[in-house]
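Engineer: Below is structure.cif; it holds mmCIF, N, CA, C and O atoms.
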data_coords
#
loop_
_atom_site.group_PDB
_atom_site.id
_atom_site.type_symbol
_atom_site.label_atom_id
_atom_site.label_comp_id
_atom_site.auth_asym_id
_atom_site.auth_seq_id
_atom_site.Cartn_x
_atom_site.Cartn_y
_atom_site.Cartn_z
ATOM 1 N N MET U 143 0.833 -1.181 0.000
ATOM 2 C CA MET U 143 0.000 0.000 0.000
ATOM 3 C C MET U 143 0.876 1.242 0.000
ATOM 4 O O MET U 143 1.935 1.265 0.582
ATOM 5 N N LEU U 144 0.415 2.275 -0.637
ATOM 6 C CA LEU U 144 1.153 3.526 -0.710
ATOM 7 C C LEU U 144 1.179 4.249 0.613
ATOM 8 O O LEU U 144 0.185 4.282 1.320
ATOM 9 N N ALA U 145 2.290 4.845 0.911
ATOM 10 C CA ALA U 145 2.348 5.778 2.033
ATOM 11 C C ALA U 145 1.916 7.116 1.446
ATOM 12 O O ALA U 145 2.642 7.747 0.699
ATOM 13 N N ILE U 146 0.714 7.518 1.748
ATOM 14 C CA ILE U 146 0.124 8.693 1.118
ATOM 15 C C ILE U 146 -0.042 9.795 2.146
ATOM 16 O O ILE U 146 -0.529 9.562 3.240
ATOM 17 N N THR U 147 0.373 10.997 1.758
ATOM 18 C CA THR U 147 0.104 12.126 2.631
ATOM 19 C C THR U 147 -1.404 12.293 2.723
ATOM 20 O O THR U 147 -2.127 12.018 1.781
ATOM 21 N N SER U 148 -1.867 12.742 3.851
ATOM 22 C CA SER U 148 -3.308 12.744 4.084
ATOM 23 C C SER U 148 -4.031 13.940 3.487
ATOM 24 O O SER U 148 -5.244 13.975 3.481
ATOM 25 N N HIS U 149 -3.314 14.924 3.017
ATOM 26 C CA HIS U 149 -3.981 16.105 2.496
ATOM 27 C C HIS U 149 -3.552 16.398 1.068
ATOM 28 O O HIS U 149 -2.413 16.195 0.700
ATOM 29 N N ALA U 150 -4.482 16.877 0.293
ATOM 30 C CA ALA U 150 -4.209 17.292 -1.074
ATOM 31 C C ALA U 150 -4.322 18.807 -1.144
ATOM 32 O O ALA U 150 -5.129 19.402 -0.441
ATOM 33 N N TYR U 151 -3.533 19.416 -1.985
ATOM 34 C CA TYR U 151 -3.564 20.863 -2.107
ATOM 35 C C TYR U 151 -4.605 21.283 -3.130
ATOM 36 O O TYR U 151 -4.643 20.798 -4.244
ATOM 37 N N ARG U 152 -5.445 22.179 -2.730
ATOM 38 C CA ARG U 152 -6.382 22.862 -3.619
ATOM 39 C C ARG U 152 -6.222 24.330 -3.282
ATOM 40 O O ARG U 152 -6.132 24.669 -2.102
ATOM 41 N N PRO U 153 -6.176 25.197 -4.251
ATOM 42 C CA PRO U 153 -5.976 26.618 -3.933
ATOM 43 C C PRO U 153 -6.939 27.093 -2.847
ATOM 44 O O PRO U 153 -8.142 27.022 -3.002
ATOM 45 N N GLY U 154 -6.362 27.498 -1.732
ATOM 46 C CA GLY U 154 -7.163 28.044 -0.643
ATOM 47 C C GLY U 154 -7.830 27.030 0.259
ATOM 48 O O GLY U 154 -8.422 27.393 1.262
ATOM 49 N N VAL U 155 -7.769 25.726 -0.079
ATOM 50 C CA VAL U 155 -8.482 24.723 0.707
ATOM 51 C C VAL U 155 -7.624 23.468 0.859
ATOM 52 O O VAL U 155 -7.048 22.997 -0.102
ATOM 53 N N MET U 156 -7.550 22.944 2.071
ATOM 54 C CA MET U 156 -6.874 21.668 2.285
ATOM 55 C C MET U 156 -7.951 20.594 2.360
ATOM 56 O O MET U 156 -8.877 20.711 3.164
ATOM 57 N N THR U 157 -7.847 19.596 1.525
ATOM 58 C CA THR U 157 -8.813 18.507 1.547
ATOM 59 C C THR U 157 -8.059 17.190 1.613
ATOM 60 O O THR U 157 -6.955 17.072 1.097
ATOM 61 N N GLU U 158 -8.657 16.210 2.238
ATOM 62 C CA GLU U 158 -8.037 14.890 2.286
ATOM 63 C C GLU U 158 -8.276 14.168 0.978
ATOM 64 O O GLU U 158 -9.299 14.358 0.336
ATOM 65 N N LEU U 159 -7.304 13.336 0.605
ATOM 66 C CA LEU U 159 -7.509 12.489 -0.564
ATOM 67 C C LEU U 159 -8.597 11.488 -0.211
ATOM 68 O O LEU U 159 -8.601 10.918 0.876
ATOM 69 N N SER U 160 -9.507 11.269 -1.136
ATOM 70 C CA SER U 160 -10.593 10.332 -0.874
ATOM 71 C C SER U 160 -10.060 8.911 -0.815
ATOM 72 O O SER U 160 -8.986 8.600 -1.352
ATOM 73 N N GLU U 161 -10.822 8.060 -0.176
ATOM 74 C CA GLU U 161 -10.443 6.646 -0.113
ATOM 75 C C GLU U 161 -10.381 6.053 -1.513
ATOM 76 O O GLU U 161 -9.528 5.220 -1.801
ATOM 77 N N ARG U 162 -11.254 6.491 -2.399
ATOM 78 C CA ARG U 162 -11.244 5.991 -3.779
ATOM 79 C C ARG U 162 -9.953 6.405 -4.476
ATOM 80 O O ARG U 162 -9.339 5.607 -5.177
ATOM 81 N N THR U 163 -9.531 7.646 -4.276
ATOM 82 C CA THR U 163 -8.282 8.102 -4.888
ATOM 83 C C THR U 163 -7.108 7.289 -4.364
ATOM 84 O O THR U 163 -6.249 6.851 -5.140
ATOM 85 N N LYS U 164 -7.054 7.062 -3.071
ATOM 86 C CA LYS U 164 -5.977 6.261 -2.480
ATOM 87 C C LYS U 164 -5.980 4.850 -3.064
ATOM 88 O O LYS U 164 -4.925 4.301 -3.396
ATOM 89 N N ALA U 165 -7.169 4.274 -3.192
ATOM 90 C CA ALA U 165 -7.283 2.924 -3.759
ATOM 91 C C ALA U 165 -6.827 2.919 -5.220
ATOM 92 O O ALA U 165 -6.105 2.007 -5.645
ATOM 93 N N ASN U 166 -7.229 3.934 -5.979
ATOM 94 C CA ASN U 166 -6.795 4.027 -7.374
ATOM 95 C C ASN U 166 -5.279 4.148 -7.469
ATOM 96 O O ASN U 166 -4.649 3.531 -8.333
ATOM 97 N N MET U 167 -4.685 4.915 -6.576
ATOM 98 C CA MET U 167 -3.232 5.066 -6.575
ATOM 99 C C MET U 167 -2.552 3.729 -6.296
ATOM 100 O O MET U 167 -1.561 3.385 -6.941
ATOM 101 N N ASP U 168 -3.078 2.977 -5.341
ATOM 102 C CA ASP U 168 -2.524 1.659 -5.030
ATOM 103 C C ASP U 168 -2.597 0.723 -6.232
ATOM 104 O O ASP U 168 -1.626 0.039 -6.567
ATOM 105 N N VAL U 169 -3.755 0.689 -6.879
ATOM 106 C CA VAL U 169 -3.955 -0.190 -8.032
ATOM 107 C C VAL U 169 -2.976 0.175 -9.143
ATOM 108 O O VAL U 169 -2.306 -0.696 -9.709
ATOM 109 N N VAL U 170 -2.883 1.456 -9.451
ATOM 110 C CA VAL U 170 -2.015 1.904 -10.532
ATOM 111 C C VAL U 170 -0.544 1.633 -10.204
ATOM 112 O O VAL U 170 0.218 1.190 -11.062
ATOM 113 N N LEU U 171 -0.144 1.867 -8.964
ATOM 114 C CA LEU U 171 1.241 1.599 -8.572
ATOM 115 C C LEU U 171 1.575 0.120 -8.762
ATOM 116 O O LEU U 171 2.609 -0.236 -9.337
ATOM 117 N N GLU U 172 0.686 -0.749 -8.296
ATOM 118 C CA GLU U 172 0.932 -2.194 -8.419
ATOM 119 C C GLU U 172 0.972 -2.623 -9.880
ATOM 120 O O GLU U 172 1.847 -3.387 -10.287
ATOM 121 N N GLN U 173 0.027 -2.147 -10.681
ATOM 122 C CA GLN U 173 0.004 -2.521 -12.100
ATOM 123 C C GLN U 173 1.263 -2.053 -12.812
ATOM 124 O O GLN U 173 1.835 -2.778 -13.621
ATOM 125 N N THR U 174 1.688 -0.848 -12.513
ATOM 126 C CA THR U 174 2.856 -0.277 -13.176
ATOM 127 C C THR U 174 4.134 -0.998 -12.761
ATOM 128 O O THR U 174 4.974 -1.324 -13.606
ATOM 129 N N CYS U 175 4.258 -1.268 -11.480
ATOM 130 C CA CYS U 175 5.489 -1.891 -10.983
ATOM 131 C C CYS U 175 5.624 -3.350 -11.410
ATOM 132 O O CYS U 175 6.725 -3.893 -11.395
ATOM 133 N N ARG U 176 4.532 -3.982 -11.830
ATOM 134 C CA ARG U 176 4.623 -5.346 -12.364
ATOM 135 C C ARG U 176 5.487 -5.395 -13.615
ATOM 136 O O ARG U 176 5.984 -6.454 -13.983
ATOM 137 N N GLN U 177 5.652 -4.255 -14.261
ATOM 138 C CA GLN U 177 6.460 -4.198 -15.473
ATOM 139 C C GLN U 177 7.955 -4.129 -15.162
ATOM 140 O O GLN U 177 8.777 -4.225 -16.067
ATOM 141 N N LEU U 178 8.285 -3.939 -13.900
ATOM 142 C CA LEU U 178 9.685 -3.886 -13.475
ATOM 143 C C LEU U 178 10.120 -5.258 -12.962
ATOM 144 O O LEU U 178 9.287 -6.013 -12.451
ATOM 145 N N PRO U 179 11.397 -5.572 -13.070
ATOM 146 C CA PRO U 179 11.874 -6.848 -12.520
ATOM 147 C C PRO U 179 11.545 -6.971 -11.035
ATOM 148 O O PRO U 179 11.770 -6.019 -10.265
ATOM 149 N N HIS U 180 10.967 -8.071 -10.653
ATOM 150 C CA HIS U 180 10.606 -8.370 -9.261
ATOM 151 C C HIS U 180 9.673 -7.323 -8.657
ATOM 152 O O HIS U 180 9.693 -7.098 -7.437
ATOM 153 N N GLY U 181 8.879 -6.658 -9.475
ATOM 154 C CA GLY U 181 7.931 -5.667 -8.975
ATOM 155 C C GLY U 181 8.558 -4.332 -8.628
ATOM 156 O O GLY U 181 7.901 -3.470 -8.062
ATOM 157 N N GLY U 182 9.812 -4.141 -8.971
ATOM 158 C CA GLY U 182 10.481 -2.869 -8.729
ATOM 159 C C GLY U 182 11.151 -2.812 -7.375
ATOM 160 O O GLY U 182 10.654 -3.379 -6.404
ATOM 161 N N ASP U 183 12.285 -2.122 -7.327
ATOM 162 C CA ASP U 183 12.960 -1.929 -6.045
ATOM 163 C C ASP U 183 12.328 -0.746 -5.302
ATOM 164 O O ASP U 183 11.458 -0.064 -5.835
ATOM 165 N N HIS U 184 12.769 -0.545 -4.097
ATOM 166 C CA HIS U 184 12.175 0.492 -3.248
ATOM 167 C C HIS U 184 12.246 1.872 -3.906
ATOM 168 O O HIS U 184 11.253 2.606 -3.924
ATOM 169 N N ASP U 185 13.403 2.222 -4.445
ATOM 170 C CA ASP U 185 13.568 3.552 -5.037
ATOM 171 C C ASP U 185 12.676 3.747 -6.263
ATOM 172 O O ASP U 185 12.104 4.824 -6.444
ATOM 173 N N SER U 186 12.546 2.734 -7.076
ATOM 174 C CA SER U 186 11.691 2.828 -8.263
ATOM 175 C C SER U 186 10.234 2.982 -7.869
ATOM 176 O O SER U 186 9.515 3.823 -8.414
ATOM 177 N N ARG U 187 9.800 2.171 -6.914
ATOM 178 C CA ARG U 187 8.414 2.258 -6.450
ATOM 179 C C ARG U 187 8.143 3.628 -5.826
ATOM 180 O O ARG U 187 7.107 4.225 -6.045
ATOM 181 N N ARG U 188 9.110 4.114 -5.047
ATOM 182 C CA ARG U 188 8.943 5.422 -4.403
ATOM 183 C C ARG U 188 8.850 6.523 -5.455
ATOM 184 O O ARG U 188 8.011 7.422 -5.346
ATOM 185 N N PHE U 189 9.683 6.457 -6.489
ATOM 186 C CA PHE U 189 9.667 7.461 -7.550
ATOM 187 C C PHE U 189 8.283 7.525 -8.198
ATOM 188 O O PHE U 189 7.714 8.612 -8.362
ATOM 189 N N ILE U 190 7.742 6.379 -8.548
ATOM 190 C CA ILE U 190 6.416 6.336 -9.181
ATOM 191 C C ILE U 190 5.350 6.794 -8.194
ATOM 192 O O ILE U 190 4.461 7.578 -8.551
ATOM 193 N N ALA U 191 5.431 6.347 -6.951
ATOM 194 C CA ALA U 191 4.447 6.742 -5.932
ATOM 195 C C ALA U 191 4.450 8.246 -5.707
ATOM 196 O O ALA U 191 3.383 8.859 -5.570
ATOM 197 N N GLU U 192 5.624 8.855 -5.687
ATOM 198 C CA GLU U 192 5.692 10.306 -5.496
ATOM 199 C C GLU U 192 5.011 11.039 -6.638
ATOM 200 O O GLU U 192 4.314 12.028 -6.418
ATOM 201 N N ARG U 193 5.188 10.537 -7.851
ATOM 202 C CA ARG U 193 4.515 11.153 -9.000
ATOM 203 C C ARG U 193 2.993 10.996 -8.885
ATOM 204 O O ARG U 193 2.245 11.914 -9.221
ATOM 205 N N LEU U 194 2.555 9.846 -8.400
ATOM 206 C CA LEU U 194 1.120 9.624 -8.224
ATOM 207 C C LEU U 194 0.560 10.559 -7.161
ATOM 208 O O LEU U 194 -0.539 11.113 -7.325
ATOM 209 N N ILE U 195 1.275 10.742 -6.080
ATOM 210 C CA ILE U 195 0.824 11.640 -5.015
ATOM 211 C C ILE U 195 0.707 13.065 -5.540
ATOM 212 O O ILE U 195 -0.293 13.745 -5.298
ATOM 213 N N GLU U 196 1.705 13.508 -6.278
ATOM 214 C CA GLU U 196 1.663 14.857 -6.851
ATOM 215 C C GLU U 196 0.450 15.019 -7.757
ATOM 216 O O GLU U 196 -0.233 16.046 -7.718
ATOM 217 N N ALA U 197 0.190 14.015 -8.579
ATOM 218 C CA ALA U 197 -0.951 14.074 -9.495
ATOM 219 C C ALA U 197 -2.270 14.123 -8.718
ATOM 220 O O ALA U 197 -3.156 14.916 -9.042
ATOM 221 N N ALA U 198 -2.387 13.291 -7.698
ATOM 222 C CA ALA U 198 -3.613 13.275 -6.894
ATOM 223 C C ALA U 198 -3.817 14.612 -6.188
ATOM 224 O O ALA U 198 -4.935 15.124 -6.119
ATOM 225 N N GLN U 199 -2.744 15.181 -5.689
ATOM 226 C CA GLN U 199 -2.846 16.476 -5.016
ATOM 227 C C GLN U 199 -3.261 17.576 -5.986
ATOM 228 O O GLN U 199 -3.876 18.555 -5.580
ATOM 229 N N ALA U 200 -2.945 17.388 -7.262
ATOM 230 C CA ALA U 200 -3.341 18.348 -8.291
ATOM 231 C C ALA U 200 -4.752 18.078 -8.807
ATOM 232 O O ALA U 200 -5.231 18.780 -9.698
ATOM 233 N N GLY U 201 -5.411 17.047 -8.264
ATOM 234 C CA GLY U 201 -6.796 16.771 -8.626
ATOM 235 C C GLY U 201 -7.000 15.661 -9.629
ATOM 236 O O GLY U 201 -8.113 15.405 -10.067
ATOM 237 N N HIS U 202 -5.938 14.970 -10.012
ATOM 238 C CA HIS U 202 -6.052 13.857 -10.964
ATOM 239 C C HIS U 202 -6.244 12.576 -10.169
ATOM 240 O O HIS U 202 -5.310 12.090 -9.539
ATOM 241 N N SER U 203 -7.456 12.035 -10.202
ATOM 242 C CA SER U 203 -7.766 10.935 -9.288
ATOM 243 C C SER U 203 -8.326 9.685 -9.949
ATOM 244 O O SER U 203 -8.483 8.674 -9.278
ATOM 245 N N THR U 204 -8.594 9.733 -11.242
ATOM 246 C CA THR U 204 -9.171 8.555 -11.883
ATOM 247 C C THR U 204 -8.076 7.551 -12.227
ATOM 248 O O THR U 204 -6.893 7.904 -12.323
ATOM 249 N N LEU U 205 -8.478 6.310 -12.431
ATOM 250 C CA LEU U 205 -7.516 5.286 -12.834
ATOM 251 C C LEU U 205 -6.807 5.682 -14.131
ATOM 252 O O LEU U 205 -5.595 5.498 -14.260
ATOM 253 N N GLY U 206 -7.550 6.237 -15.061
ATOM 254 C CA GLY U 206 -6.963 6.634 -16.336
ATOM 255 C C GLY U 206 -5.920 7.725 -16.177
ATOM 256 O O GLY U 206 -4.818 7.631 -16.733
ATOM 257 N N GLU U 207 -6.265 8.764 -15.431
ATOM 258 C CA GLU U 207 -5.329 9.871 -15.219
ATOM 259 C C GLU U 207 -4.076 9.402 -14.474
ATOM 260 O O GLU U 207 -2.952 9.728 -14.855
ATOM 261 N N LEU U 208 -4.291 8.645 -13.415
ATOM 262 C CA LEU U 208 -3.163 8.158 -12.626
ATOM 263 C C LEU U 208 -2.320 7.167 -13.418
ATOM 264 O O LEU U 208 -1.096 7.133 -13.281
ATOM 265 N N GLY U 209 -2.968 6.377 -14.264
ATOM 266 C CA GLY U 209 -2.240 5.436 -15.109
ATOM 267 C C GLY U 209 -1.295 6.146 -16.065
ATOM 268 O O GLY U 209 -0.159 5.702 -16.270
ATOM 269 N N ILE U 210 -1.748 7.248 -16.636
ATOM 270 C CA ILE U 210 -0.891 8.028 -17.531
ATOM 271 C C ILE U 210 0.326 8.551 -16.776
ATOM 272 O O ILE U 210 1.460 8.456 -17.246
ATOM 273 N N VAL U 211 0.091 9.089 -15.586
ATOM 274 C CA VAL U 211 1.184 9.618 -14.765
ATOM 275 C C VAL U 211 2.183 8.511 -14.433
ATOM 276 O O VAL U 211 3.400 8.695 -14.538
ATOM 277 N N ALA U 212 1.667 7.358 -14.048
ATOM 278 C CA ALA U 212 2.541 6.245 -13.669
ATOM 279 C C ALA U 212 3.345 5.737 -14.865
ATOM 280 O O ALA U 212 4.538 5.434 -14.733
ATOM 281 N N ARG U 213 2.717 5.644 -16.023
ATOM 282 C CA ARG U 213 3.435 5.180 -17.216
ATOM 283 C C ARG U 213 4.527 6.169 -17.615
ATOM 284 O O ARG U 213 5.618 5.771 -18.027
ATOM 285 N N ARG U 214 4.252 7.457 -17.471
ATOM 286 C CA ARG U 214 5.285 8.462 -17.764
ATOM 287 C C ARG U 214 6.445 8.337 -16.779
ATOM 288 O O ARG U 214 7.612 8.455 -17.173
ATOM 289 N N ALA U 215 6.128 8.135 -15.512
ATOM 290 C CA ALA U 215 7.181 7.971 -14.503
ATOM 291 C C ALA U 215 8.004 6.715 -14.798
ATOM 292 O O ALA U 215 9.233 6.738 -14.693
ATOM 293 N N LEU U 216 7.332 5.641 -15.189
ATOM 294 C CA LEU U 216 8.028 4.399 -15.531
ATOM 295 C C LEU U 216 8.952 4.619 -16.729
ATOM 296 O O LEU U 216 10.099 4.184 -16.722
ATOM 297 N N ALA U 217 8.446 5.308 -17.753
ATOM 298 C CA ALA U 217 9.271 5.587 -18.931
ATOM 299 C C ALA U 217 10.479 6.430 -18.557
ATOM 300 O O ALA U 217 11.586 6.200 -19.070
ATOM 301 N N GLU U 218 10.295 7.368 -17.657
ATOM 302 C CA GLU U 218 11.412 8.191 -17.196
ATOM 303 C C GLU U 218 12.446 7.336 -16.459
ATOM 304 O O GLU U 218 13.650 7.487 -16.658
ATOM 305 N N LEU U 219 11.961 6.434 -15.613
ATOM 306 C CA LEU U 219 12.867 5.527 -14.906
ATOM 307 C C LEU U 219 13.667 4.669 -15.872
ATOM 308 O O LEU U 219 14.877 4.516 -15.723
ATOM 309 N N ILE U 220 12.977 4.092 -16.839
ATOM 310 C CA ILE U 220 13.640 3.221 -17.815
ATOM 311 C C ILE U 220 14.645 4.035 -18.627
ATOM 312 O O ILE U 220 15.748 3.579 -18.899
ATOM 313 N N GLY U 221 14.279 5.264 -18.965
ATOM 314 C CA GLY U 221 15.172 6.141 -19.713
ATOM 315 C C GLY U 221 16.437 6.478 -18.940
ATOM 316 O O GLY U 221 17.499 6.678 -19.522
ATOM 317 N N LYS U 222 16.305 6.538 -17.613
ATOM 318 C CA LYS U 222 17.463 6.819 -16.751
ATOM 319 C C LYS U 222 18.301 5.567 -16.527
ATOM 320 O O LYS U 222 19.351 5.626 -15.922
ATOM 321 N N GLY U 223 17.756 4.431 -16.958
ATOM 322 C CA GLY U 223 18.464 3.162 -16.748
ATOM 323 C C GLY U 223 18.225 2.593 -15.375
ATOM 324 O O GLY U 223 18.954 1.773 -14.875
ATOM 325 N N GLY U 224 17.121 3.018 -14.738
ATOM 326 C CA GLY U 224 16.919 2.550 -13.389
ATOM 327 C C GLY U 224 15.615 1.958 -13.165
ATOM 328 O O GLY U 224 15.267 1.402 -12.228
#
Write the structure described by the file as structure tokens, please.

Structural biologist:
Amino acid sequence: MLAITSHAYRPGVMTELSERTKANMDVVLEQTCRQLPHGGDHDSRRFIAERLIEAAQAGHSTLGELGIVARRALAELIGKGG
């Protein structure tokens, strides 16, 4: 499960990430990391998770939106050789 900060930033308002958003982030992280050897090492998983958290805090909470973010993070990792 993701270690998720409990609050998302919205201009002028602090709101908690919904349980659905947290669940979507978990699903997307697991699906994405399956593409890495042995499900990804700690640093790789953390890199993708941080990108997912940033996206969720910016209001992107659907599986589709989070999936795009995770795939971009994965491509960046692979491009770095890591």

Engineer: Using only N, CA, C and O atoms, find the one residue out of U:Leu178, U:Ala215, U:Ile190, U:Met167 that sits nearest to His202 of chain U.

Structural biologist: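 Using only N, CA, C and O atoms, the shortest distance to His202 of chain U belongs to U:Met167.
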
Engineer: Looking at U:Ala217, U:Gln173, U:Ala212, U:Thr204, which one is nearest to Ala191 of chain U, with distances taken over only C-alpha atoms?

Structural biologist: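 Using only C-alpha atoms, the shortest distance to Ala191 of chain U belongs to U:Ala212.
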
Engineer: May I ask for the distance between atom O of Ser203 of chain U and atom CA of Gly223 of chain U, given in Å to one decimal place?

Structural biologist: 28.5 Å

Engineer: Could you tell me which of U:Cys175, U:Gly221, U:Leu159, U:Asp183 comes closest to Ala198 of chain U if we count only C-alpha atoms?

Structural biologist: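 Ranked by minimum distance to Ala198 of chain U, first place goes to U:Leu159.
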
Engineer: Quick one: pull the distance between atom C of His184 of chain U and atom O of Glu158 of chain U, Å, one decimal.

Structural biologist: 25.3 Å

Engineer: In Å to one decimal, how far is atom CA of Leu216 of chain U from atom O of Thr174 of chain U?

Structural biologist: 6.8 Å

Engineer: List every residue of chain U that DSSP, applied to the backbone of this structure, places in strand (DSSP E or B), and write the result as a PyMOL selection string.

Structural biologist: chain U and resi 149-152+155-158

Engineer: Now that the selection is made, can you save its residues with N, CA, C and O atoms as a PDB file, in the frame of the given file?

Structural biologist:
ATOM      1  N   HIS U 149      -3.314  14.924   3.017  1.00  0.00           N
ATOM      2  CA  HIS U 149      -3.981  16.105   2.496  1.00  0.00           C
ATOM      3  C   HIS U 149      -3.552  16.398   1.068  1.00  0.00           C
ATOM      4  O   HIS U 149      -2.413  16.195   0.700  1.00  0.00           O
ATOM      5  N   ALA U 150      -4.482  16.877   0.293  1.00  0.00           N
ATOM      6  CA  ALA U 150      -4.209  17.292  -1.074  1.00  0.00           C
ATOM      7  C   ALA U 150      -4.322  18.807  -1.144  1.00  0.00           C
ATOM      8  O   ALA U 150      -5.129  19.402  -0.441  1.00  0.00           O
ATOM      9  N   TYR U 151      -3.533  19.416  -1.985  1.00  0.00           N
ATOM     10  CA  TYR U 151      -3.564  20.863  -2.107  1.00  0.00           C
ATOM     11  C   TYR U 151      -4.605  21.283  -3.130  1.00  0.00           C
ATOM     12  O   TYR U 151      -4.643  20.798  -4.244  1.00  0.00           O
ATOM     13  N   ARG U 152      -5.445  22.179  -2.730  1.00  0.00           N
ATOM     14  CA  ARG U 152      -6.382  22.862  -3.619  1.00  0.00           C
ATOM     15  C   ARG U 152      -6.222  24.330  -3.282  1.00  0.00           C
ATOM     16  O   ARG U 152      -6.132  24.669  -2.102  1.00  0.00           O
ATOM     17  N   VAL U 155      -7.769  25.726  -0.079  1.00  0.00           N
ATOM     18  CA  VAL U 155      -8.482  24.723   0.707  1.00  0.00           C
ATOM     19  C   VAL U 155      -7.624  23.468   0.859  1.00  0.00           C
ATOM     20  O   VAL U 155      -7.048  22.997  -0.102  1.00  0.00           O
ATOM     21  N   MET U 156      -7.550  22.944   2.071  1.00  0.00           N
ATOM     22  CA  MET U 156      -6.874  21.668   2.285  1.00  0.00           C
ATOM     23  C   MET U 156      -7.951  20.594   2.360  1.00  0.00           C
ATOM     24  O   MET U 156      -8.877  20.711   3.164  1.00  0.00           O
ATOM     25  N   THR U 157      -7.847  19.596   1.525  1.00  0.00           N
ATOM     26  CA  THR U 157      -8.813  18.507   1.547  1.00  0.00           C
ATOM     27  C   THR U 157      -8.059  17.190   1.613  1.00  0.00           C
ATOM     28  O   THR U 157      -6.955  17.072   1.097  1.00  0.00           O
ATOM     29  N   GLU U 158      -8.657  16.210   2.238  1.00  0.00           N
ATOM     30  CA  GLU U 158      -8.037  14.890   2.286  1.00  0.00           C
ATOM     31  C   GLU U 158      -8.276  14.168   0.978  1.00  0.00           C
ATOM     32  O   GLU U 158      -9.299  14.358   0.336  1.00  0.00           O
TER      33      GLU U 158
END

Engineer: Choose the residue, out of U:Leu205, U:Ala165, U:His180, U:Val211, that has the smallest atom-to-atom separation from Arg193 of chain U; count only N, CA, C and O atoms.

Structural biologist: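 Closest residue, counting only N, CA, C and O atoms: U:Val211.
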
Engineer: From the DSSP assignment of the backbone, select every residue of chain U that is alpha helix (DSSP H), and format the answer as a count of residues only.

Structural biologist: 49
